[in-house]
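**Student:** Data: model01.cif, mmCIF, C-alpha atoms.
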```cif
data_data
loop_
_atom_site.label_atom_id
_atom_site.label_comp_id
_atom_site.auth_asym_id
_atom_site.auth_seq_id
_atom_site.Cartn_x
_atom_site.Cartn_y
_atom_site.Cartn_z
CA MET A 292 173.70 12.94 53.55
CA ALA A 293 169.92 12.68 53.28
CA THR A 294 168.03 15.52 51.62
CA HIS A 295 164.32 16.09 51.15
CA LEU A 296 162.43 16.08 47.85
CA GLU A 297 161.39 19.54 46.66
CA GLU A 298 158.25 20.06 44.61
CA ILE A 299 157.77 22.72 41.95
CA ALA A 300 154.31 23.72 40.69
CA VAL A 301 154.03 24.45 36.96
CA ARG A 302 150.96 25.81 35.16
CA SER A 303 150.89 25.36 31.41
CA ALA A 304 148.76 27.70 29.26
CA SER A 305 148.44 25.77 26.01
CA ARG A 306 148.45 22.20 24.68
CA GLU A 307 152.14 22.26 23.80
CA GLU A 308 154.58 24.52 25.56
CA MET A 309 158.14 24.63 26.80
CA ILE A 310 158.36 26.48 30.12
CA ASP A 311 161.74 27.66 31.42
CA VAL A 312 161.89 26.37 35.02
CA THR A 313 165.57 27.12 35.65
CA THR A 314 164.87 29.83 38.25
CA LEU A 315 162.46 27.52 40.08
CA VAL A 316 164.97 24.65 40.00
CA ARG A 317 167.73 26.95 41.33
CA ALA A 318 165.47 28.05 44.20
CA ALA A 319 164.59 24.43 45.04
CA VAL A 320 168.28 23.47 45.03
CA ARG A 321 169.03 26.41 47.35
CA ARG A 322 166.30 25.29 49.77
CA ILE A 323 167.81 21.77 49.80
CA GLY A 324 171.08 23.39 50.76
CA VAL A 325 173.65 21.02 49.28
CA GLU A 326 176.69 22.67 47.67
CA ALA A 327 178.04 19.94 45.39
CA GLY A 328 176.71 16.85 43.65
CA LEU A 329 173.98 16.32 41.09
CA ALA A 330 170.65 18.13 40.82
CA TYR A 331 167.89 15.88 39.54
CA ILE A 332 164.60 17.12 38.05
CA TYR A 333 161.79 14.59 37.68
CA CYS A 334 158.47 14.88 35.84
CA PRO A 335 155.83 12.56 37.39
CA HIS A 336 153.51 12.89 34.36
CA THR A 337 153.22 10.65 31.27
CA THR A 338 152.24 13.37 28.76
CA ALA A 339 154.95 15.87 29.72
CA GLY A 340 158.72 15.77 30.03
CA VAL A 341 161.86 17.69 30.92
CA THR A 342 164.63 18.78 28.60
CA ILE A 343 167.70 21.02 28.63
CA GLN A 344 167.78 23.48 25.75
CA GLU A 345 168.65 27.00 24.64
CA ASN A 346 166.67 29.82 26.23
CA ALA A 347 168.16 32.74 24.27
CA ASP A 348 166.01 32.52 21.13
CA PRO A 349 162.35 31.50 21.73
CA ASP A 350 162.25 30.29 18.09
CA VAL A 351 164.23 27.22 19.19
CA ARG A 352 161.28 26.16 21.35
CA THR A 353 158.78 26.91 18.57
CA ASP A 354 160.83 24.85 16.11
CA LEU A 355 161.23 21.96 18.55
CA LEU A 356 157.52 21.74 19.41
CA GLY A 357 156.51 22.36 15.79
CA HIS A 358 158.76 19.66 14.38
CA LEU A 359 157.76 17.12 17.04
CA ALA A 360 154.13 17.82 16.04
CA ARG A 361 155.01 17.14 12.40
CA LEU A 362 156.75 13.88 13.28
CA ILE A 363 154.07 12.78 15.75
CA PRO A 364 150.73 14.36 14.74
CA GLN A 365 147.92 14.35 17.29
CA ASP A 366 145.62 12.63 14.80
CA ALA A 367 147.70 9.81 13.34
CA GLY A 368 145.12 7.05 13.75
CA PHE A 369 146.22 6.10 17.24
CA ARG A 370 144.28 3.50 19.25
CA HIS A 371 144.52 5.24 22.65
CA SER A 372 141.06 6.79 23.01
CA GLU A 373 141.96 9.90 24.98
CA GLY A 374 143.32 11.77 21.95
CA ASN A 375 146.74 12.32 23.51
CA ALA A 376 148.75 9.32 22.30
CA ASP A 377 151.06 11.82 20.57
CA ALA A 378 151.77 13.46 23.93
CA HIS A 379 152.73 10.10 25.49
CA ILE A 380 155.13 9.36 22.62
CA LYS A 381 156.74 12.82 22.77
CA ALA A 382 157.14 12.46 26.54
CA SER A 383 159.02 9.16 26.16
CA LEU A 384 161.32 10.64 23.50
CA VAL A 385 162.13 13.83 25.41
CA GLY A 386 162.42 11.94 28.70
CA SER A 387 160.98 12.27 32.18
CA SER A 388 164.06 13.52 34.01
CA GLN A 389 167.29 15.47 33.69
CA MET A 390 170.38 15.79 35.86
CA VAL A 391 172.64 18.81 36.10
CA PRO A 392 176.01 18.94 37.89
CA LEU A 393 176.00 21.09 41.03
CA ASP A 394 179.22 22.78 42.11
CA GLY A 395 179.76 25.49 44.71
CA GLY A 396 175.99 25.70 45.15
CA LYS A 397 175.50 26.50 41.47
CA LEU A 398 174.00 24.52 38.58
CA CYS A 399 176.75 23.86 36.01
CA LEU A 400 174.56 24.64 33.01
CA GLY A 401 176.30 25.61 29.77
CA THR A 402 176.20 29.24 28.60
CA TRP A 403 173.03 28.79 26.54
CA GLN A 404 171.35 26.07 28.58
CA ALA A 405 168.14 26.23 30.60
CA VAL A 406 165.88 23.55 32.09
CA PHE A 407 162.49 23.32 30.38
CA PHE A 408 159.29 21.65 31.45
CA CYS A 409 157.77 20.25 28.22
CA GLU A 410 153.98 20.26 28.17
CA PHE A 411 152.50 18.05 25.46
CA ASP A 412 148.87 17.80 26.65
CA GLY A 413 147.98 21.05 28.40
CA PRO A 414 146.84 23.39 29.61
CA ARG A 415 147.15 21.78 33.03
CA SER A 416 148.50 22.17 36.54
CA ARG A 417 151.65 20.09 36.72
CA ARG A 418 154.49 19.47 39.13
CA LEU A 419 158.17 18.64 39.05
CA LEU A 420 160.22 16.97 41.77
CA VAL A 421 163.74 18.17 42.55
CA LYS A 422 166.29 16.12 44.44
CA VAL A 423 169.97 16.69 45.11
CA VAL A 424 172.44 13.87 45.52
CA ALA A 425 175.47 15.15 47.41
CA GLY A 426 178.86 14.04 46.19
CA MET B 50 181.96 11.67 49.83
CA ALA B 51 182.58 14.80 47.76
CA THR B 52 184.31 14.44 44.41
CA HIS B 53 185.40 17.03 41.88
CA LEU B 54 183.97 17.56 38.41
CA GLU B 55 186.21 16.34 35.60
CA GLU B 56 186.22 18.01 32.20
CA ILE B 57 186.85 16.27 28.88
CA ALA B 58 187.77 18.19 25.71
CA VAL B 59 186.23 16.92 22.48
CA ARG B 60 187.01 18.20 18.98
CA SER B 61 184.50 17.34 16.29
CA ALA B 62 185.60 17.26 12.65
CA SER B 63 182.30 17.49 10.77
CA ARG B 64 178.77 18.86 11.18
CA GLU B 65 177.37 15.55 12.42
CA GLU B 66 179.51 12.99 14.14
CA MET B 67 179.41 10.40 16.90
CA ILE B 68 182.71 10.33 18.78
CA ASP B 69 183.51 7.39 21.06
CA VAL B 70 184.59 9.00 24.36
CA THR B 71 184.59 5.83 26.49
CA THR B 72 188.35 5.83 27.00
CA LEU B 73 188.26 9.50 28.04
CA VAL B 74 185.36 8.86 30.43
CA ARG B 75 187.20 5.89 31.96
CA ALA B 76 190.30 8.04 32.50
CA ALA B 77 188.22 10.82 34.12
CA VAL B 78 186.54 8.29 36.42
CA ARG B 79 189.96 6.91 37.40
CA ARG B 80 191.20 10.42 38.24
CA ILE B 81 188.13 10.97 40.44
CA GLY B 82 189.10 7.78 42.25
CA VAL B 83 185.74 6.43 43.40
CA GLU B 84 185.30 2.65 43.14
CA ALA B 85 181.52 2.23 43.21
CA GLY B 86 178.47 4.32 42.41
CA LEU B 87 177.27 6.02 39.27
CA ALA B 88 179.35 7.75 36.61
CA TYR B 89 177.58 10.72 35.08
CA ILE B 90 178.51 12.31 31.74
CA TYR B 91 177.06 15.75 31.00
CA CYS B 92 177.06 17.76 27.75
CA PRO B 93 176.85 21.53 28.45
CA HIS B 94 175.92 22.33 24.80
CA THR B 95 172.47 22.73 23.22
CA THR B 96 173.36 21.41 19.74
CA ALA B 97 175.15 18.25 20.88
CA GLY B 98 174.29 15.32 23.14
CA VAL B 99 175.49 12.08 24.69
CA THR B 100 174.27 8.58 23.95
CA ILE B 101 175.24 5.01 24.71
CA GLN B 102 175.45 2.84 21.60
CA GLU B 103 177.29 0.03 19.85
CA ASN B 104 180.90 0.72 18.89
CA ALA B 105 181.62 -2.54 17.03
CA ASP B 106 180.17 -1.64 13.63
CA PRO B 107 180.67 2.01 12.56
CA ASP B 108 177.66 1.60 10.24
CA VAL B 109 175.42 1.85 13.31
CA ARG B 110 176.62 5.43 13.82
CA THR B 111 176.22 6.26 10.12
CA ASP B 112 172.67 4.86 10.16
CA LEU B 113 171.76 6.73 13.34
CA LEU B 114 173.04 10.10 12.14
CA GLY B 115 171.67 9.52 8.63
CA HIS B 116 168.20 8.61 9.81
CA LEU B 117 168.04 11.50 12.29
CA ALA B 118 168.92 13.80 9.37
CA ARG B 119 166.06 12.31 7.33
CA LEU B 120 163.60 12.78 10.22
CA ILE B 121 164.88 16.26 11.11
CA PRO B 122 166.37 17.87 7.97
CA GLN B 123 168.55 20.94 8.41
CA ASP B 124 166.37 22.91 6.01
CA ALA B 125 162.81 22.18 7.13
CA GLY B 126 161.58 25.77 7.19
CA PHE B 127 162.61 26.42 10.76
CA ARG B 128 162.28 29.91 12.29
CA HIS B 129 165.52 29.87 14.31
CA SER B 130 167.79 32.03 12.15
CA GLU B 131 171.13 30.33 12.88
CA GLY B 132 170.45 27.40 10.56
CA ASN B 133 170.91 24.82 13.30
CA ALA B 134 167.37 24.31 14.63
CA ASP B 135 167.70 20.66 13.55
CA ALA B 136 170.74 20.29 15.81
CA HIS B 137 168.82 21.66 18.82
CA ILE B 138 165.96 19.21 18.20
CA LYS B 139 168.30 16.23 17.80
CA ALA B 140 170.12 17.21 21.00
CA SER B 141 166.88 17.20 23.00
CA LEU B 142 165.89 13.79 21.59
CA VAL B 143 169.25 12.11 22.20
CA GLY B 144 169.64 13.81 25.58
CA SER B 145 172.26 15.90 27.33
CA SER B 146 173.51 13.33 29.82
CA GLN B 147 174.03 9.64 30.50
CA MET B 148 174.73 7.64 33.64
CA VAL B 149 176.62 4.36 33.81
CA PRO B 150 176.91 2.11 36.87
CA LEU B 151 180.39 1.98 38.38
CA ASP B 152 181.51 -1.15 40.22
CA GLY B 153 184.97 -2.15 41.41
CA GLY B 154 186.33 0.95 39.68
CA LYS B 155 184.95 -0.18 36.31
CA LEU B 156 182.13 1.17 34.13
CA CYS B 157 179.42 -1.52 33.90
CA LEU B 158 178.83 -1.05 30.17
CA GLY B 159 177.25 -3.93 28.28
CA THR B 160 179.40 -6.01 25.90
CA TRP B 161 178.68 -3.82 22.86
CA GLN B 162 178.18 -0.49 24.58
CA ALA B 163 180.29 2.64 24.37
CA VAL B 164 179.68 6.26 25.37
CA PHE B 165 179.37 8.62 22.39
CA PHE B 166 179.52 12.37 22.18
CA CYS B 167 176.96 13.32 19.50
CA GLU B 168 177.90 16.39 17.47
CA PHE B 169 174.98 17.87 15.54
CA ASP B 170 176.41 21.29 14.62
CA GLY B 171 180.16 20.95 14.21
CA PRO B 172 182.98 21.09 13.57
CA ARG B 173 183.64 22.65 16.97
CA SER B 174 185.65 22.44 20.16
CA ARG B 175 183.35 20.96 22.78
CA ARG B 176 183.55 19.70 26.34
CA LEU B 177 181.91 17.09 28.52
CA LEU B 178 181.68 17.09 32.31
CA VAL B 179 182.15 13.87 34.26
CA LYS B 180 181.03 13.38 37.84
CA VAL B 181 180.92 10.32 40.04
CA VAL B 182 178.33 9.83 42.76
CA ALA B 183 179.66 7.31 45.26
CA GLY B 184 177.19 4.72 46.54
CA MET C 127 176.70 4.47 51.90
CA ALA C 128 177.78 1.82 49.41
CA THR C 129 175.10 -0.41 47.92
CA HIS C 130 175.34 -3.37 45.57
CA LEU C 131 174.10 -3.51 41.98
CA GLU C 132 170.95 -5.58 41.53
CA GLU C 133 170.26 -7.45 38.31
CA ILE C 134 166.83 -8.11 36.83
CA ALA C 135 166.25 -10.77 34.17
CA VAL C 136 163.76 -9.88 31.42
CA ARG C 137 162.51 -12.22 28.68
CA SER C 138 160.92 -10.56 25.67
CA ALA C 139 158.45 -12.52 23.54
CA SER C 140 158.40 -10.54 20.30
CA ARG C 141 160.59 -8.22 18.21
CA GLU C 142 159.12 -5.06 19.73
CA GLU C 143 157.60 -4.99 23.15
CA MET C 144 157.24 -2.78 26.21
CA ILE C 145 157.42 -4.85 29.39
CA ASP C 146 156.28 -3.34 32.69
CA VAL C 147 159.17 -4.01 35.09
CA THR C 148 157.96 -1.78 37.95
CA THR C 149 157.30 -4.70 40.32
CA LEU C 150 160.75 -6.14 39.61
CA VAL C 151 162.39 -2.73 40.13
CA ARG C 152 160.52 -2.28 43.43
CA ALA C 153 161.70 -5.70 44.63
CA ALA C 154 165.31 -4.91 43.66
CA VAL C 155 165.14 -1.57 45.50
CA ARG C 156 163.78 -3.38 48.57
CA ARG C 157 166.64 -5.88 48.48
CA ILE C 158 169.13 -2.99 48.31
CA GLY C 159 167.50 -1.66 51.45
CA VAL C 160 167.96 2.10 51.09
CA GLU C 161 164.99 4.26 52.15
CA ALA C 162 165.69 7.57 50.38
CA GLY C 163 167.61 8.77 47.36
CA LEU C 164 167.41 7.93 43.67
CA ALA C 165 166.66 4.58 42.09
CA TYR C 166 168.52 4.07 38.82
CA ILE C 167 167.57 1.51 36.17
CA TYR C 168 170.16 0.73 33.48
CA CYS C 169 169.82 -1.24 30.25
CA PRO C 170 173.18 -2.73 29.17
CA HIS C 171 171.93 -3.49 25.63
CA THR C 172 172.20 -1.38 22.45
CA THR C 173 168.93 -2.50 20.82
CA ALA C 174 166.70 -2.03 23.88
CA GLY C 175 165.97 0.81 26.29
CA VAL C 176 164.06 1.92 29.36
CA THR C 177 161.24 4.43 29.56
CA ILE C 178 158.67 5.67 32.04
CA GLN C 179 155.14 5.64 30.66
CA GLU C 180 151.49 5.00 31.41
CA ASN C 181 150.54 1.44 32.30
CA ALA C 182 146.75 1.92 32.58
CA ASP C 183 145.83 1.62 28.89
CA PRO C 184 147.90 -0.94 26.91
CA ASP C 185 147.01 1.02 23.73
CA VAL C 186 149.57 3.64 24.77
CA ARG C 187 152.32 1.04 24.38
CA THR C 188 150.90 -0.17 21.05
CA ASP C 189 150.76 3.41 19.77
CA LEU C 190 154.28 4.20 20.96
CA LEU C 191 155.86 1.10 19.38
CA GLY C 192 153.71 1.44 16.25
CA HIS C 193 154.59 5.07 15.69
CA LEU C 194 158.31 4.51 16.33
CA ALA C 195 158.15 1.77 13.68
CA ARG C 196 156.57 4.21 11.22
CA LEU C 197 159.24 6.85 11.93
CA ILE C 198 162.11 4.34 11.90
CA PRO C 199 161.13 1.38 9.67
CA GLN C 200 163.20 -1.80 9.95
CA ASP C 201 163.89 -1.74 6.23
CA ALA C 202 164.89 1.85 5.48
CA GLY C 203 168.00 1.06 3.45
CA PHE C 204 170.33 1.00 6.44
CA ARG C 205 173.99 0.01 6.04
CA HIS C 206 174.29 -2.00 9.27
CA SER C 207 174.12 -5.58 7.99
CA GLU C 208 172.40 -7.22 10.95
CA GLY C 209 168.93 -5.91 10.02
CA ASN C 210 168.43 -4.16 13.33
CA ALA C 211 169.71 -0.63 12.68
CA ASP C 212 166.18 0.60 13.47
CA ALA C 213 166.45 -1.01 16.93
CA HIS C 214 169.74 0.79 17.64
CA ILE C 215 168.22 4.15 16.64
CA LYS C 216 165.08 3.61 18.75
CA ALA C 217 167.24 2.61 21.73
CA SER C 218 169.23 5.85 21.53
CA LEU C 219 166.05 7.94 21.31
CA VAL C 220 164.24 6.23 24.19
CA GLY C 221 167.43 6.08 26.26
CA SER C 222 169.36 3.45 28.15
CA SER C 223 168.51 4.47 31.70
CA GLN C 224 165.94 6.11 33.94
CA MET C 225 166.03 7.48 37.47
CA VAL C 226 163.12 7.63 39.89
CA PRO C 227 163.09 9.46 43.22
CA LEU C 228 162.98 7.15 46.24
CA ASP C 229 161.35 8.36 49.45
CA GLY C 230 160.36 6.40 52.56
CA GLY C 231 161.41 3.21 50.76
CA LYS C 232 158.93 3.88 47.94
CA LEU C 233 159.44 4.86 44.27
CA CYS C 234 157.91 8.32 43.75
CA LEU C 235 156.27 7.43 40.44
CA GLY C 236 153.33 9.57 39.31
CA THR C 237 149.80 8.15 39.46
CA TRP C 238 149.90 6.74 35.94
CA GLN C 239 153.61 5.99 35.66
CA ALA C 240 155.35 2.65 35.37
CA VAL C 241 158.90 1.64 34.37
CA PHE C 242 159.06 -0.18 31.03
CA PHE C 243 161.80 -2.25 29.47
CA CYS C 244 161.62 -1.46 25.73
CA GLU C 245 162.57 -4.36 23.48
CA PHE C 246 163.34 -3.33 19.90
CA ASP C 247 165.08 -6.48 18.63
CA GLY C 248 163.62 -9.46 20.41
CA PRO C 249 162.63 -12.01 21.35
CA ARG C 250 165.64 -12.30 23.63
CA SER C 251 166.82 -12.85 27.18
CA ARG C 252 167.79 -9.45 28.53
CA ARG C 253 168.84 -7.91 31.80
CA LEU C 254 168.52 -4.61 33.64
CA LEU C 255 170.78 -3.28 36.37
CA VAL C 256 169.30 -1.47 39.38
CA LYS C 257 171.31 0.78 41.66
CA VAL C 258 170.24 3.06 44.50
CA VAL C 259 172.11 6.22 45.38
CA ALA C 260 171.28 7.16 48.96
CA GLY C 261 170.66 10.82 49.68
#
```
Represent the supplied structure as structure tokens.
**Tutor:**
Amino acid sequence: MATHLEEIAVRSASREEMIDVTTLVRAAVRRIGVEAGLAYIYCPHTTAGVTIQENADPDVRTDLLGHLARLIPQDAGFRHSEGNADAHIKASLVGSSQMVPLDGGKLCLGTWQAVFFCEFDGPRSRRLLVKVVAG
Amino acid sequence: MATHLEEIAVRSASREEMIDVTTLVRAAVRRIGVEAGLAYIYCPHTTAGVTIQENADPDVRTDLLGHLARLIPQDAGFRHSEGNADAHIKASLVGSSQMVPLDGGKLCLGTWQAVFFCEFDGPRSRRLLVKVVAG
Amino acid sequence: MATHLEEIAVRSASREEMIDVTTLVRAAVRRIGVEAGLAYIYCPHTTAGVTIQENADPDVRTDLLGHLARLIPQDAGFRHSEGNADAHIKASLVGSSQMVPLDGGKLCLGTWQAVFFCEFDGPRSRRLLVKVVAG
């Protein structure tokens, strides 16, 4: 069963930010209209990523971004001249896509899980692609 | 072709642990009964993950968990008050899902590869979801 | 719709290297012959991975490999006796597979994105598996 690609617009407000896009992903999945399979969220950018994390305590996001910045500082003598080599590295470690099981029209996220767009070189206008594979 | 979601129960015995779940994943895939496509393993927890690694030498697991603990110590002045911010960060770096090609009813893992549940905040009772997309 | 698994041969020339395999992935997807769905690229090795990154400036690759080597040095007192524990750890962080949306027979990569095979313990002869899930 062929489905179309959905696109989600995301606007980040700072250089590093985790934005909960779960509601937007759910709406995109509903528009696609498949009840069961896998929901796939893809980030077409090289200085941003997607992760699945806790959305209950915002400190988790602060800790995650803060510790990544300690491990991969923006100014670590990188050769890439645009000043965002750290963002590229973080993006490759967090990953550019996630998949979530879809059952009965619902994302099978765990109790504490949400889908986050990870901005590492904002603020910018970004987009995510959402696809559903039926099955 | 619609298939059901399989659930695997995992019991971790220590705070950090890599548990080889390949046999359990293979059994779940067999119960689903699809011969070819992609097998998808999903971790619905935010302080645990899934990775594909070598299962021949257990030192590889010890080194992986040990080095992650050096890079992301439990007590690094995190704000999240539950004392497991490190586990959340490790989970996002390792990732919450893996996919393995399925061909002739068999997982196409490489010679040294196995599927590991990665516990970062145990001991706990955990679960994994397994789905197969035929194709 | 069942499709076959395609195999791509990759030859790395140094211990650590990011090799742009986008052209090879595109050719494999064309041979599979599906117009829409998800293209899946799998690395069956435990000391190598796959990532999606920028291919415009080669310094991004140098920075990524260089910084990973600083975070995970080859000689960090690891127990694994083969001298490549660092490669195993890097492989689990970068990940063993990637998926890219496929639409109208084309990979929906972002403007600056390419698919890279990440060698962490070369030089070696390696392989990647490519599968397409129609949908």
**Student:** Tell me the residues of chain A close to chain C, meaning within 10 Å using all atoms listed in the file, as a ChimeraX atom specification.
**Tutor:** /A:292-296,331-338,362-363,367-373,375-377,379-390,418,420-426
**Student:** Just give me the gap between atom CA of B:Val59 and atom CA of B:Ser174 in Å, one decimal is fine.
**Tutor:**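 Computing the Euclidean distance for atom CA of B:Val59 and atom CA of B:Ser174 yields 6.0 Å.
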**Student:** Just how far from atom CA of C:Thr148 is atom CA of C:Phe243, in Å to one decimal?
**Tutor:**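 About the pair atom CA of C:Phe243 and atom CA of C:Thr148: they are 9.3 Å apart.
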**Student:** Please indicate the distance in Å from atom CA of A:Ala339 to atom CA of A:Asp412, rounded to one decimal place.
**Tutor:**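 A separation of 7.1 Å between them.
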**Student:** Quick check on the file I pasted: which residues fall under the PyMOL selection byres ((chain A and resi 309) around 8)? Write them as a ChimeraX atom specification.
**Tutor:** /A:307-308,310-311,352,356,407-410
**Student:** Limited to C-alpha atoms, could you put the picked residues into a file as a PDB file, keeping the file's coordinate frame?
**Tutor:**
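This went into part_23.pdb:
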```
ATOM      1  CA  GLU A 307     152.140  22.260  23.800  1.00  0.00           C
ATOM      2  CA  GLU A 308     154.580  24.520  25.560  1.00  0.00           C
ATOM      3  CA  ILE A 310     158.360  26.480  30.120  1.00  0.00           C
ATOM      4  CA  ASP A 311     161.740  27.660  31.420  1.00  0.00           C
ATOM      5  CA  ARG A 352     161.280  26.160  21.350  1.00  0.00           C
ATOM      6  CA  LEU A 356     157.520  21.740  19.410  1.00  0.00           C
ATOM      7  CA  PHE A 407     162.490  23.320  30.380  1.00  0.00           C
ATOM      8  CA  PHE A 408     159.290  21.650  31.450  1.00  0.00           C
ATOM      9  CA  CYS A 409     157.770  20.250  28.220  1.00  0.00           C
ATOM     10  CA  GLU A 410     153.980  20.260  28.170  1.00  0.00           C
TER      11      GLU A 410
END
```
